[in-house]
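K.L.:
Here you go, model18.cif (mmCIF, C-alpha atoms):
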data_protein
loop_
_atom_site.label_atom_id
_atom_site.label_comp_id
_atom_site.auth_asym_id
_atom_site.auth_seq_id
_atom_site.Cartn_x
_atom_site.Cartn_y
_atom_site.Cartn_z
CA MET A 250 0.00 0.00 0.00
CA ASP A 251 1.55 3.30 -1.08
CA PRO A 252 1.68 5.96 1.63
CA ILE A 253 0.10 9.34 2.02
CA ILE A 254 3.06 11.71 1.78
CA ILE A 255 2.82 15.12 3.43
CA VAL A 256 5.46 17.73 2.64
CA GLY A 257 5.82 20.07 5.61
CA THR A 258 5.54 19.57 9.38
CA GLY A 259 4.11 22.89 10.49
CA LEU A 260 0.58 23.30 11.79
CA ALA A 261 -0.86 22.37 8.39
CA GLY A 262 1.28 19.26 7.84
CA TYR A 263 1.06 17.85 11.37
CA GLY A 264 -2.57 18.98 11.66
CA THR A 265 -3.52 17.02 8.55
CA ALA A 266 -1.54 13.98 9.73
CA ARG A 267 -3.35 13.97 13.09
CA GLU A 268 -6.76 14.29 11.48
CA PHE A 269 -5.93 11.55 8.97
CA ARG A 270 -4.86 9.17 11.74
CA LYS A 271 -8.14 9.75 13.57
CA HIS A 272 -9.87 8.10 10.60
CA ASP A 273 -7.28 5.71 9.16
CA LYS A 274 -4.88 3.70 11.28
CA GLU A 275 -3.70 1.40 8.46
CA ARG A 276 -2.26 3.30 5.53
CA PRO A 277 1.41 4.23 5.84
CA LEU A 278 2.06 7.92 6.43
CA VAL A 279 5.26 9.74 5.48
CA LEU A 280 6.13 13.33 6.34
CA ILE A 281 9.03 15.29 4.94
CA THR A 282 10.48 18.47 6.42
CA ARG A 283 13.35 20.83 5.71
CA ASP A 284 13.85 21.33 9.45
CA ASP A 285 14.14 19.05 12.46
CA GLY A 286 10.45 18.12 12.62
CA ALA A 287 9.91 19.53 16.11
CA ASN A 288 6.24 20.24 16.74
CA TYR A 289 5.58 23.74 17.99
CA TYR A 290 2.78 26.27 17.77
CA LYS A 291 4.00 29.04 15.50
CA PRO A 292 1.93 31.86 17.02
CA ASP A 293 4.00 31.30 20.20
CA LEU A 294 7.13 32.70 18.52
CA SER A 295 5.97 36.31 18.77
CA GLU A 296 4.92 35.83 22.39
CA ALA A 297 7.86 33.86 23.69
CA HIS A 298 9.21 36.52 26.05
CA ALA A 299 5.76 37.13 27.52
CA LYS A 300 5.50 33.39 28.11
CA ASN A 301 9.01 33.43 29.53
CA ALA A 302 9.95 30.71 27.06
CA THR A 303 13.22 29.86 25.35
CA PRO A 304 13.09 28.37 21.84
CA ASP A 305 13.51 24.90 23.41
CA ASP A 306 10.55 25.55 25.71
CA LEU A 307 8.35 26.15 22.67
CA VAL A 308 8.88 22.61 21.37
CA LYS A 309 5.82 20.57 22.32
CA LYS A 310 7.08 17.25 20.95
CA ASP A 311 10.28 16.30 19.19
CA VAL A 312 10.30 14.42 15.92
CA ASP A 313 10.57 10.96 17.51
CA ALA A 314 7.55 11.60 19.69
CA MET A 315 5.61 12.88 16.67
CA ALA A 316 6.55 9.82 14.59
CA GLU A 317 5.27 7.59 17.37
CA GLU A 318 2.07 9.57 17.94
CA LEU A 319 1.24 9.57 14.24
CA ASP A 320 2.60 6.09 13.45
CA ALA A 321 4.49 7.82 10.64
CA THR A 322 7.92 7.93 9.04
CA ILE A 323 9.29 11.47 9.23
CA HIS A 324 12.21 12.46 7.04
CA THR A 325 13.95 15.51 8.53
CA HIS A 326 16.36 17.97 6.92
CA ARG A 327 15.25 16.85 3.49
CA GLN A 328 14.08 18.96 0.61
CA VAL A 329 11.72 17.72 -2.09
CA GLU A 330 13.39 18.49 -5.40
CA SER A 331 10.68 17.55 -7.85
CA ILE A 332 7.33 15.85 -8.31
CA ASP A 333 6.87 13.25 -11.05
CA ARG A 334 3.10 13.42 -11.32
CA GLY A 335 2.81 10.74 -14.01
CA ASN A 336 4.44 8.13 -11.79
CA ARG A 337 3.11 9.56 -8.50
CA GLN A 338 6.63 10.00 -7.20
CA ILE A 339 8.63 12.66 -5.46
CA VAL A 340 12.39 13.04 -5.61
CA LEU A 341 14.31 14.16 -2.53
CA ASN A 342 18.08 14.34 -2.40
CA GLY A 343 18.36 11.56 -4.95
CA ASP A 344 15.79 9.21 -3.36
CA THR A 345 12.49 8.49 -5.02
CA LEU A 346 9.32 7.90 -3.00
CA THR A 347 5.99 6.76 -4.43
CA TYR A 348 2.77 8.24 -3.05
CA HIS A 349 -0.87 7.27 -3.00
CA LYS A 350 -1.84 10.90 -2.36
CA LEU A 351 0.51 13.84 -1.92
CA VAL A 352 -0.19 16.77 0.40
CA LEU A 353 1.67 20.06 -0.04
CA ALA A 354 1.85 21.92 3.27
CA PHE A 355 5.11 23.77 3.08
CA GLY A 356 3.85 27.15 4.17
CA ALA A 357 4.91 30.59 3.08
CA ASP A 358 8.24 32.37 2.75
CA PRO A 359 9.02 35.78 4.20
CA ILE A 360 9.27 38.49 1.56
CA VAL A 361 12.83 39.78 1.38
CA LEU A 362 13.25 43.51 0.78
CA LYS A 363 15.86 44.56 -1.73
CA LEU A 364 18.04 46.80 0.41
CA ALA A 365 21.37 48.47 -0.13
CA GLY A 366 24.30 48.23 2.26
CA ASP A 367 26.92 45.85 3.56
CA ALA A 368 24.86 44.42 6.42
CA THR A 369 21.82 42.95 4.68
CA GLN A 370 23.05 39.46 5.64
CA ALA A 371 22.57 40.39 9.28
CA ILE A 372 18.82 40.94 8.86
CA HIS A 373 16.74 38.31 10.63
CA LYS A 374 13.41 36.96 9.56
CA VAL A 375 11.23 34.78 11.74
CA ASN A 376 8.83 32.41 10.06
CA ASN A 377 9.72 29.21 11.88
CA LEU A 378 11.37 27.96 15.05
CA PHE A 379 14.73 27.54 13.32
CA ASP A 380 14.76 31.25 12.33
CA TYR A 381 13.61 32.17 15.81
CA ARG A 382 16.52 30.33 17.46
CA SER A 383 18.94 32.32 15.36
CA PHE A 384 17.15 35.60 16.18
CA ARG A 385 17.07 34.85 19.91
CA SER A 386 20.77 34.00 20.01
CA ASN A 387 21.52 37.34 18.34
CA LEU A 388 19.38 39.11 20.95
CA GLY A 389 21.75 37.96 23.68
CA ASP A 390 23.91 41.07 23.58
CA ALA A 391 21.45 43.38 21.88
CA LYS A 392 19.83 46.38 23.51
CA HIS A 393 18.10 47.97 20.57
CA VAL A 394 16.12 46.01 17.98
CA ALA A 395 14.85 47.53 14.73
CA ILE A 396 11.84 45.97 13.07
CA LEU A 397 11.05 46.48 9.39
CA GLY A 398 7.33 46.17 8.78
CA ALA A 399 4.42 47.09 11.07
CA GLY A 400 2.06 44.29 10.11
CA LEU A 401 0.82 41.57 12.42
CA ILE A 402 4.20 39.91 12.95
CA GLY A 403 6.10 43.19 13.26
CA CYS A 404 3.67 44.62 15.82
CA GLU A 405 3.52 41.42 17.87
CA PHE A 406 7.31 41.21 18.02
CA ALA A 407 7.54 44.91 18.90
CA ASN A 408 5.19 44.30 21.81
CA ASP A 409 6.99 41.18 23.00
CA LEU A 410 10.45 42.75 22.77
CA VAL A 411 9.61 46.13 24.32
CA GLU A 412 7.93 44.43 27.28
CA ALA A 413 11.00 42.24 27.68
CA GLY A 414 13.11 45.38 28.13
CA TYR A 415 14.57 45.93 24.66
CA GLU A 416 14.56 49.30 23.00
CA VAL A 417 12.48 48.85 19.85
CA SER A 418 12.22 50.93 16.68
CA ILE A 419 9.86 50.03 13.89
CA ALA A 420 9.63 51.37 10.34
CA ASP A 421 6.93 50.91 7.73
CA PRO A 422 6.04 52.83 4.56
CA ALA A 423 2.36 52.88 5.58
CA ASP A 424 0.98 55.74 7.68
CA TRP A 425 -0.36 53.51 10.45
CA PRO A 426 0.43 50.03 11.78
CA LEU A 427 -1.55 46.99 10.61
CA SER A 428 -2.62 49.08 7.61
CA GLN A 429 -3.55 45.98 5.60
CA LEU A 430 -5.99 44.86 8.28
CA LEU A 431 -7.24 47.92 10.15
CA PRO A 432 -8.85 51.27 9.38
CA LYS A 433 -6.73 54.25 10.38
CA ALA A 434 -8.25 54.98 13.82
CA CYS A 435 -7.76 51.38 14.95
CA GLY A 436 -4.20 51.32 13.65
CA GLU A 437 -3.48 54.55 15.53
CA ALA A 438 -4.72 52.92 18.74
CA VAL A 439 -2.05 50.25 18.32
CA GLU A 440 0.52 52.91 17.42
CA ARG A 441 -0.26 54.81 20.60
CA GLY A 442 -0.29 51.70 22.80
CA LEU A 443 3.12 50.60 21.60
CA ALA A 444 4.51 54.16 21.73
CA LYS A 445 3.45 54.43 25.38
CA ALA A 446 5.26 51.17 26.05
CA GLY A 447 8.40 52.74 24.56
CA VAL A 448 8.40 51.76 20.88
CA HIS A 449 9.89 54.37 18.50
CA TRP A 450 7.82 54.67 15.33
CA HIS A 451 9.08 55.55 11.85
CA LEU A 452 5.82 55.43 9.91
CA GLY A 453 5.41 56.61 6.34
CA HIS A 454 9.00 55.69 5.59
CA ALA A 455 10.54 52.67 3.94
CA ALA A 456 13.95 51.29 4.78
CA THR A 457 16.43 51.67 1.95
CA GLY A 458 19.57 50.10 3.32
CA VAL A 459 21.30 48.40 6.23
CA HIS A 460 24.95 49.13 6.93
CA HIS A 461 27.54 48.16 9.51
CA SER A 462 28.30 51.17 11.68
CA ASN A 463 30.86 50.77 14.46
CA LYS A 464 29.55 47.75 16.33
CA GLN A 465 25.95 48.49 15.44
CA LEU A 466 23.72 48.31 12.39
CA GLN A 467 22.46 51.46 10.75
CA ILE A 468 19.11 51.29 8.99
CA LEU A 469 18.65 54.08 6.47
CA LEU A 470 15.16 55.33 5.73
CA ASP A 471 13.90 57.08 2.59
CA ASN A 472 13.66 60.44 4.43
CA ASP A 473 17.40 60.26 5.18
CA GLU A 474 16.76 59.52 8.83
CA SER A 475 18.39 56.44 10.25
CA ILE A 476 18.02 54.00 13.10
CA HIS A 477 21.03 52.58 14.94
CA ALA A 478 20.25 49.16 16.34
CA ASP A 479 21.99 45.97 17.46
CA ALA A 480 19.67 43.59 15.64
CA VAL A 481 17.28 43.93 12.71
CA LEU A 482 14.16 41.87 12.15
CA SER A 483 12.40 41.98 8.80
CA ALA A 484 8.66 41.30 8.95
CA VAL A 485 7.39 42.84 5.74
CA GLY A 486 5.04 40.06 4.72
CA LEU A 487 4.75 36.53 3.42
CA ARG A 488 4.47 34.95 0.01
CA ALA A 489 2.93 31.51 -0.49
CA GLY A 490 5.55 28.80 -1.11
CA ILE A 491 4.71 27.81 -4.68
CA ASP A 492 8.04 27.02 -6.37
CA LEU A 493 7.86 23.23 -6.25
CA ALA A 494 4.21 23.18 -7.31
CA GLU A 495 4.87 25.59 -10.13
CA LYS A 496 7.77 23.47 -11.37
CA ALA A 497 5.47 20.46 -11.35
CA GLY A 498 3.00 22.33 -13.55
CA LEU A 499 0.24 22.70 -10.96
CA LYS A 500 -2.11 25.66 -11.26
CA ILE A 501 -0.83 28.67 -9.30
CA ASP A 502 -2.25 32.09 -8.49
CA LYS A 503 -1.64 33.84 -5.12
CA GLY A 504 -0.91 30.35 -3.83
CA ILE A 505 -1.29 26.80 -5.05
CA VAL A 506 -4.82 26.79 -6.44
CA VAL A 507 -7.16 24.32 -4.73
CA ASP A 508 -10.94 24.01 -4.62
CA ARG A 509 -13.11 23.53 -1.54
CA THR A 510 -12.02 19.87 -1.39
CA LEU A 511 -8.39 21.11 -1.24
CA VAL A 512 -7.43 19.22 -4.38
CA THR A 513 -4.98 20.92 -6.77
CA SER A 514 -5.19 20.74 -10.55
CA ASP A 515 -3.82 17.17 -10.13
CA PRO A 516 -6.42 14.82 -8.56
CA ASN A 517 -3.74 13.03 -6.52
CA ILE A 518 -2.20 16.16 -5.01
CA TYR A 519 -3.71 18.33 -2.30
CA ALA A 520 -2.52 21.56 -0.71
CA LEU A 521 -3.45 23.52 2.42
CA GLY A 522 -2.14 26.13 4.80
CA ASP A 523 -0.05 29.16 3.95
CA CYS A 524 0.99 27.76 0.53
CA ALA A 525 -2.56 27.24 -0.70
CA GLU A 526 -5.25 29.47 -2.12
CA VAL A 527 -8.58 27.88 -1.26
CA ASP A 528 -11.46 28.74 -3.61
CA GLY A 529 -9.76 32.05 -4.45
CA GLN A 530 -8.90 33.00 -0.85
CA TRP A 531 -5.34 33.11 0.51
CA ARG A 532 -5.67 33.33 4.31
CA PRO A 533 -2.38 32.51 6.00
CA TYR A 534 -3.82 32.20 9.52
CA VAL A 535 -4.28 29.40 12.02
CA GLY A 536 -8.09 29.26 11.93
CA PRO A 537 -8.58 28.62 8.22
CA LEU A 538 -5.72 26.15 8.02
CA MET A 539 -7.02 24.07 10.93
CA GLN A 540 -10.44 23.88 9.24
CA CYS A 541 -8.65 22.64 6.11
CA ALA A 542 -6.65 20.05 8.06
CA ARG A 543 -9.87 18.65 9.59
CA THR A 544 -11.53 18.34 6.19
CA LEU A 545 -8.50 16.97 4.39
CA GLY A 546 -7.73 14.35 7.05
CA LYS A 547 -11.12 12.77 6.40
CA THR A 548 -10.76 13.01 2.64
CA LEU A 549 -7.39 11.27 2.70
CA ALA A 550 -8.87 8.49 4.80
CA GLY A 551 -11.17 7.54 1.99
CA GLY A 552 -13.56 10.30 1.07
CA ASP A 553 -11.90 11.48 -2.12
CA GLY A 554 -13.47 12.16 -5.51
CA GLU A 555 -17.21 12.88 -5.44
CA THR A 556 -17.50 12.17 -1.73
CA ALA A 557 -14.69 14.48 -0.61
CA GLY A 558 -15.55 16.91 2.17
CA ARG A 559 -15.76 20.59 1.32
CA VAL A 560 -14.09 23.21 3.49
CA LYS A 561 -16.15 25.84 5.25
CA TYR A 562 -14.74 28.57 7.45
CA PRO A 563 -16.80 29.82 10.38
CA THR A 564 -16.44 33.43 11.57
CA LEU A 565 -12.76 33.31 12.52
CA PRO A 566 -11.31 36.69 13.43
CA ILE A 567 -7.60 37.40 13.58
CA ILE A 568 -6.36 38.06 17.09
CA VAL A 569 -3.34 40.37 17.16
CA LYS A 570 -1.43 39.73 20.38
CA THR A 571 -0.33 43.29 21.00
CA HIS A 572 -1.06 43.13 24.73
CA VAL A 573 -0.56 46.85 25.23
CA CYS A 574 -3.46 47.42 22.85
CA PRO A 575 -5.18 44.17 21.91
CA VAL A 576 -6.83 43.84 18.51
CA VAL A 577 -9.48 41.49 17.18
CA VAL A 578 -10.17 41.94 13.49
CA MET A 579 -12.14 40.20 10.80
CA PRO A 580 -11.22 41.83 7.49
CA PRO A 581 -14.26 42.38 5.25
CA VAL A 582 -15.44 39.19 3.52
CA GLU A 583 -16.55 41.18 0.46
CA SER A 584 -15.27 44.34 -1.20
CA GLY A 585 -16.96 47.71 -1.39
CA GLY A 586 -17.74 48.09 2.32
CA GLN A 587 -17.51 51.30 4.35
CA TRP A 588 -15.98 51.48 7.82
CA GLU A 589 -18.06 53.07 10.58
CA ILE A 590 -16.01 53.82 13.66
CA ASP A 591 -17.28 54.31 17.18
CA GLY A 592 -15.53 54.85 20.50
CA ASP A 593 -12.63 56.85 21.86
CA MET A 594 -8.90 56.34 21.69
CA PRO A 595 -7.75 53.60 22.18
CA ASP A 596 -10.98 51.64 22.47
CA PHE A 597 -12.55 51.53 19.02
CA GLU A 598 -15.31 49.48 17.48
CA ALA A 599 -15.08 49.60 13.70
CA ARG A 600 -17.87 48.02 11.68
CA CYS A 601 -17.43 47.43 7.97
CA MET A 602 -20.87 47.71 6.37
CA SER A 603 -21.99 46.65 2.91
CA GLU A 604 -24.00 49.06 0.74
CA ASP A 605 -27.20 47.29 1.77
CA GLY A 606 -26.38 47.63 5.47
CA ARG A 607 -24.93 44.23 6.43
CA LEU A 608 -21.93 43.80 8.74
CA ILE A 609 -19.21 42.28 6.52
CA GLY A 610 -16.16 42.81 8.72
CA PHE A 611 -15.10 44.37 11.99
CA ALA A 612 -12.12 45.60 13.97
CA LEU A 613 -12.00 46.04 17.75
CA THR A 614 -9.19 47.60 19.76
CA GLY A 615 -8.38 48.00 23.45
CA GLU A 616 -11.33 47.47 25.81
CA ALA A 617 -13.67 47.08 22.84
CA THR A 618 -12.15 43.63 22.20
CA ASN A 619 -14.30 42.44 25.11
CA LYS A 620 -17.25 42.65 22.71
CA ARG A 621 -15.69 40.16 20.28
CA ARG A 622 -18.19 37.42 21.02
CA ASP A 623 -21.14 39.66 20.07
CA TYR A 624 -19.43 40.60 16.84
CA ILE A 625 -18.57 37.02 15.96
CA LYS A 626 -22.24 36.09 16.37
CA GLU A 627 -23.33 38.91 14.11
CA ALA A 628 -20.66 38.65 11.40
CA PRO A 629 -20.91 36.26 8.45
CA PRO A 630 -18.70 33.19 8.11
CA LEU A 631 -15.41 33.64 6.23
CA MET A 632 -16.40 30.97 3.73
CA ALA A 633 -20.00 29.74 3.97
CA MET B 689 -24.06 20.57 28.91
CA LYS B 690 -22.64 23.15 26.54
CA LYS B 691 -20.91 23.18 23.18
CA TRP B 692 -17.92 25.41 22.66
CA GLN B 693 -15.94 26.59 19.67
CA CYS B 694 -12.49 28.15 19.70
CA ILE B 695 -12.58 31.47 17.86
CA VAL B 696 -8.90 31.15 16.96
CA CYS B 697 -8.91 27.77 15.24
CA GLY B 698 -12.51 26.62 14.98
CA PHE B 699 -11.95 23.63 17.31
CA GLU B 700 -15.25 22.39 18.74
CA TYR B 701 -15.76 20.86 22.17
CA ASP B 702 -19.02 19.22 23.20
CA GLU B 703 -19.16 18.72 26.98
CA ALA B 704 -21.66 15.88 26.58
CA GLU B 705 -19.20 13.91 24.45
CA GLY B 706 -15.94 14.87 26.12
CA MET B 707 -12.81 13.64 24.35
CA PRO B 708 -12.38 10.02 25.43
CA ASP B 709 -9.29 9.60 23.18
CA GLU B 710 -7.64 12.41 25.12
CA GLY B 711 -8.67 11.04 28.48
CA ILE B 712 -11.42 13.63 28.93
CA GLU B 713 -14.56 11.87 30.15
CA PRO B 714 -17.97 12.60 28.61
CA GLY B 715 -19.70 15.26 30.68
CA THR B 716 -16.51 17.19 31.50
CA LYS B 717 -17.11 20.93 31.56
CA TRP B 718 -14.67 23.03 29.53
CA GLU B 719 -13.61 24.86 32.70
CA ASP B 720 -12.73 21.54 34.34
CA ILE B 721 -10.28 20.50 31.63
CA PRO B 722 -6.79 20.70 33.16
CA ASP B 723 -4.68 23.78 32.44
CA ASP B 724 -1.85 21.69 31.03
CA TRP B 725 -4.12 20.17 28.40
CA THR B 726 -3.22 21.05 24.81
CA CYS B 727 -5.38 21.06 21.71
CA PRO B 728 -5.44 17.64 20.03
CA ASP B 729 -5.66 19.38 16.64
CA CYS B 730 -3.01 22.08 16.73
CA GLY B 731 -1.08 21.64 19.98
CA ALA B 732 -2.12 25.05 21.33
CA PRO B 733 -2.14 25.27 25.13
CA LYS B 734 -5.44 25.78 26.97
CA ASP B 735 -4.40 29.40 27.64
CA ASP B 736 -4.55 30.16 23.93
CA PHE B 737 -8.11 28.96 23.56
CA GLU B 738 -10.81 31.52 23.13
CA MET B 739 -13.88 29.42 23.70
CA MET B 740 -17.28 30.77 22.90
CA GLU B 741 -20.56 29.00 23.41
CA VAL B 742 -22.28 27.73 20.28
CA ASP B 743 -25.77 26.33 19.79
#
With the file now loaded, output its structure as structure tokens.
P.N.:
Amino acid sequence: MDPIIIVGTGLAGYGTAREFRKHDKERPLVLITRDDGANYYKPDLSEAHAKNATPDDLVKKDVDAMAEELDATIHTHRQVESIDRGNRQIVLNGDTLTYHKLVLAFGADPIVLKLAGDATQAIHKVNNLFDYRSFRSNLGDAKHVAILGAGLIGCEFANDLVEAGYEVSIADPADWPLSQLLPKACGEAVERGLAKAGVHWHLGHAATGVHHSNKQLQILLDNDESIHADAVLSAVGLRAGIDLAEKAGLKIDKGIVVDRTLVTSDPNIYALGDCAEVDGQWRPYVGPLMQCARTLGKTLAGGDGETAGRVKYPTLPIIVKTHVCPVVVMPPVESGGQWEIDGDMPDFEARCMSEDGRLIGFALTGEATNKRRDYIKEAPPLMA
Amino acid sequence: MKKWQCIVCGFEYDEAEGMPDEGIEPGTKWEDIPDDWTCPDCGAPKDDFEMMEVD
């Protein structure tokens, strides 16, 4: 019996494996990962100081424990080089493995800014535990950390680091933090909360270069200002990991294109998580990917073809763990809405209303986040 | 007996059913699940759950 092969051991890969094993204890299961296969919960990375956790503390189970729990073979530190769809085989470092069904769950890659300067190699990114270990070891002697990008990851790290006693500066070309998710007033509430905690903001300005300067790093901004810091973290966004799928000729758009059954343009290959675009939506967040893992686990256990389960997303807001000014946001599920904002700094309730007066998204900041349950009941599901 | 759903990940917990595979007896209230319990789906600790009652 050929195995189910899952590429990736993040939340999507391990999540799918767990769900599959709930329904099928017989078929062999193989997982492949570029890293060491440790199971951790990625949202913990940007909250590690608050949880008083070292990178080792964040590991929930090591690869041996995961292999035993899942009754699976897990190949670590291996990279899939190509997919031979005709023969249902993958090639990794010279070995060839045959699959019954293949699951692509290799996540997203941090976008790398093109910056000038002689210190661009020193810029950290954090999109997995391996990156985080490297960042944390660099923080050992650092006092001042500069963050490029004031999105969800940038703001969460700013909060975690400033509360842990680091001096933090953050730069973003947008005029307010979380500008992709929040209307201006809500973003300004986060800006103020973090500023009060000690974060130095450089909004409206992009970084142009990173240079060595004495024993520090100098980040140049497009207004000729600069930040002198001991460590630099880039958190300017993610891009779905599509290279392998593209090379194999699978249909690609913002991510690997899959339908509601999570099947790609090849009926024997599935994709989910941050690398996949499900029915036109790319949502690189925990909630959607766990829904996908639950559906796909059942499908792989024997519900494929006509009987495959179809993914639905309930109303799953994004929780931004900026403790100094918490945020709960559900970006509008359709376009053309207007934001209506109520409340006073920093406690805002923002309702995104459709032309015909329906709530299609919301954003809550500060004390207003206590009303999240009411909003979740009123708001539509992400994918009905 | 109540049913709960996590607003972060969509995980559902039905107190009437419990989670026998996880050693949680049927009839266990969400609040009585031990603090060191972690999500069987994603590994998140109980702290990270945001449970809200569903019908």
K.L.:
Pull out every residue that the PyMOL selection byres ((chain B) within 9 of (chain A)) matches in the shown coordinates and put them as an mmCIF file with C-alpha atoms, in the coordinates of the input.
P.N.:
data_model
loop_
_atom_site.group_PDB
_atom_site.id
_atom_site.type_symbol
_atom_site.label_atom_id
_atom_site.label_comp_id
_atom_site.auth_asym_id
_atom_site.auth_seq_id
_atom_site.Cartn_x
_atom_site.Cartn_y
_atom_site.Cartn_z
ATOM 1 C CA CYS B 694 -12.490 28.150 19.700
ATOM 2 C CA ILE B 695 -12.580 31.470 17.860
ATOM 3 C CA VAL B 696 -8.900 31.150 16.960
ATOM 4 C CA CYS B 697 -8.910 27.770 15.240
ATOM 5 C CA GLY B 698 -12.510 26.620 14.980
ATOM 6 C CA PHE B 699 -11.950 23.630 17.310
ATOM 7 C CA PRO B 728 -5.440 17.640 20.030
ATOM 8 C CA ASP B 729 -5.660 19.380 16.640
ATOM 9 C CA CYS B 730 -3.010 22.080 16.730
ATOM 10 C CA GLY B 731 -1.080 21.640 19.980
ATOM 11 C CA ALA B 732 -2.120 25.050 21.330
ATOM 12 C CA PRO B 733 -2.140 25.270 25.130
ATOM 13 C CA MET B 740 -17.280 30.770 22.900
#
K.L.:
For segment 554-560 of chain A, please output as an MDAnalysis selection string all residues within 6 Å (counting all atoms listed in the file; exclusion window: fewer than 3 positions along the same chain).
P.N.:
chainID A and resid 509:510 544 548
K.L.:
May I ask for the distance between atom CA of Phe611 of chain A and atom CA of Ala423 of chain A, given in Å to one decimal place?
P.N.:
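So the answer is 20.5 Å.
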K.L.:
Starting from the displayed file, determine the output of the PyMOL selection byres ((chain A and resi 358-364) around 10) and express the residue list as a short mmCIF file (atom, residue, chain, number, x, y, z; two decimals) with C-alpha atoms, in the coordinates of the input.
P.N.:
data_model
loop_
_atom_site.label_atom_id
_atom_site.label_comp_id
_atom_site.auth_asym_id
_atom_site.auth_seq_id
_atom_site.Cartn_x
_atom_site.Cartn_y
_atom_site.Cartn_z
CA PHE A 355 5.11 23.77 3.08
CA GLY A 356 3.85 27.15 4.17
CA ALA A 357 4.91 30.59 3.08
CA ALA A 365 21.37 48.47 -0.13
CA GLY A 366 24.30 48.23 2.26
CA ASP A 367 26.92 45.85 3.56
CA ALA A 368 24.86 44.42 6.42
CA THR A 369 21.82 42.95 4.68
CA ILE A 372 18.82 40.94 8.86
CA LYS A 374 13.41 36.96 9.56
CA VAL A 375 11.23 34.78 11.74
CA ASN A 376 8.83 32.41 10.06
CA ASN A 377 9.72 29.21 11.88
CA LEU A 397 11.05 46.48 9.39
CA ALA A 456 13.95 51.29 4.78
CA THR A 457 16.43 51.67 1.95
CA GLY A 458 19.57 50.10 3.32
CA VAL A 459 21.30 48.40 6.23
CA HIS A 460 24.95 49.13 6.93
CA ILE A 468 19.11 51.29 8.99
CA LEU A 469 18.65 54.08 6.47
CA SER A 483 12.40 41.98 8.80
CA ALA A 484 8.66 41.30 8.95
CA VAL A 485 7.39 42.84 5.74
CA GLY A 486 5.04 40.06 4.72
CA LEU A 487 4.75 36.53 3.42
CA ARG A 488 4.47 34.95 0.01
CA ALA A 489 2.93 31.51 -0.49
CA GLY A 490 5.55 28.80 -1.11
CA ILE A 491 4.71 27.81 -4.68
CA ASP A 523 -0.05 29.16 3.95
CA CYS A 524 0.99 27.76 0.53
#
K.L.:
Would you mind listing what lies within 12 Å of Ala407 of chain A as a ChimeraX atom specification, with only C-alpha atoms counted and same-chain residues fewer than 5 positions away left out?
P.N.:
/A:295-296,298-299,393-402,412-420,426,439-440,442-444,446-450,481-484,569-574
K.L.:
Would you kindly translate the PyMOL selection byres ((chain B and resi 691) around 9) into the concrete residues it picks from this file, as a list in words?
P.N.:
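Expected selection for the PyMOL selection byres ((chain B and resi 691) around 9) here is Met689, Lys690, Trp692, Gln693, Glu700, Tyr701, Asp702, Glu703, Ala704, Trp718, Met740, Glu741, Val742 and Asp743 of chain B.
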K.L.:
Using only C-alpha atoms for the distances, tell me which of A:Val577, A:Gly504, A:Asp284, A:His326 is nearest to Gln530 of chain A.
P.N.:
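Closest to Gln530 of chain A of all the choices is A:Gly504.
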K.L.:
For the atom pair atom CA of Thr325 of chain A and atom CA of Val308 of chain A, what is the interatomic distance in Å to one decimal place?
P.N.:
15.5 Å
K.L.:
To one decimal place, how far is atom CA of Pro533 of chain A from atom CA of Gly262 of chain A in Å?
P.N.:
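These atoms are spaced 13.9 Å apart.
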K.L.:
Counting all atoms listed in the file, which residue out of A:Gln465, A:Thr322, A:Thr614, A:Thr345 sits closest to Arg600 of chain A?
P.N.:
A:Thr614
K.L.:
Pick the closest to Val329 of chain A from A:Asp380, A:Glu474, A:Asp313, A:Asp492: which is it, counting all atoms listed in the file?
P.N.:
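Looking only at the distances to Val329 of chain A, the closest residue turns out to be A:Asp492.
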K.L.:
What lies within 10 Å of Ile712 of chain B using only C-alpha atoms, ignoring chain neighbours under 6 positions off, as a PyMOL selection string?
P.N.:
chain B and resi 703+705-706+718+720-722+725
K.L.:
Compile the contact shell of segment 586-594 of chain A as a PyMOL selection string: residues with an atom at most 9 Å away, counting only C-alpha atoms, same-chain residues fewer than 2 positions apart removed.
P.N.:
chain A and resi 432+434-435+437-438+441+581+583-584+596-604+608-611+614-615+617
K.L.:
Excluding same-chain residues fewer than 5 positions from Asp311 of chain A, what lies within 12 Å of it counting all atoms listed in the file, as a list in words?
P.N.:
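My list of contacting residues is Thr258, Asp284, Asp285, Gly286, Ala287, Asn288, Tyr289, Asp305, Asp306, Ala316, Glu317, Glu318, Ile323 and Thr325 of chain A.
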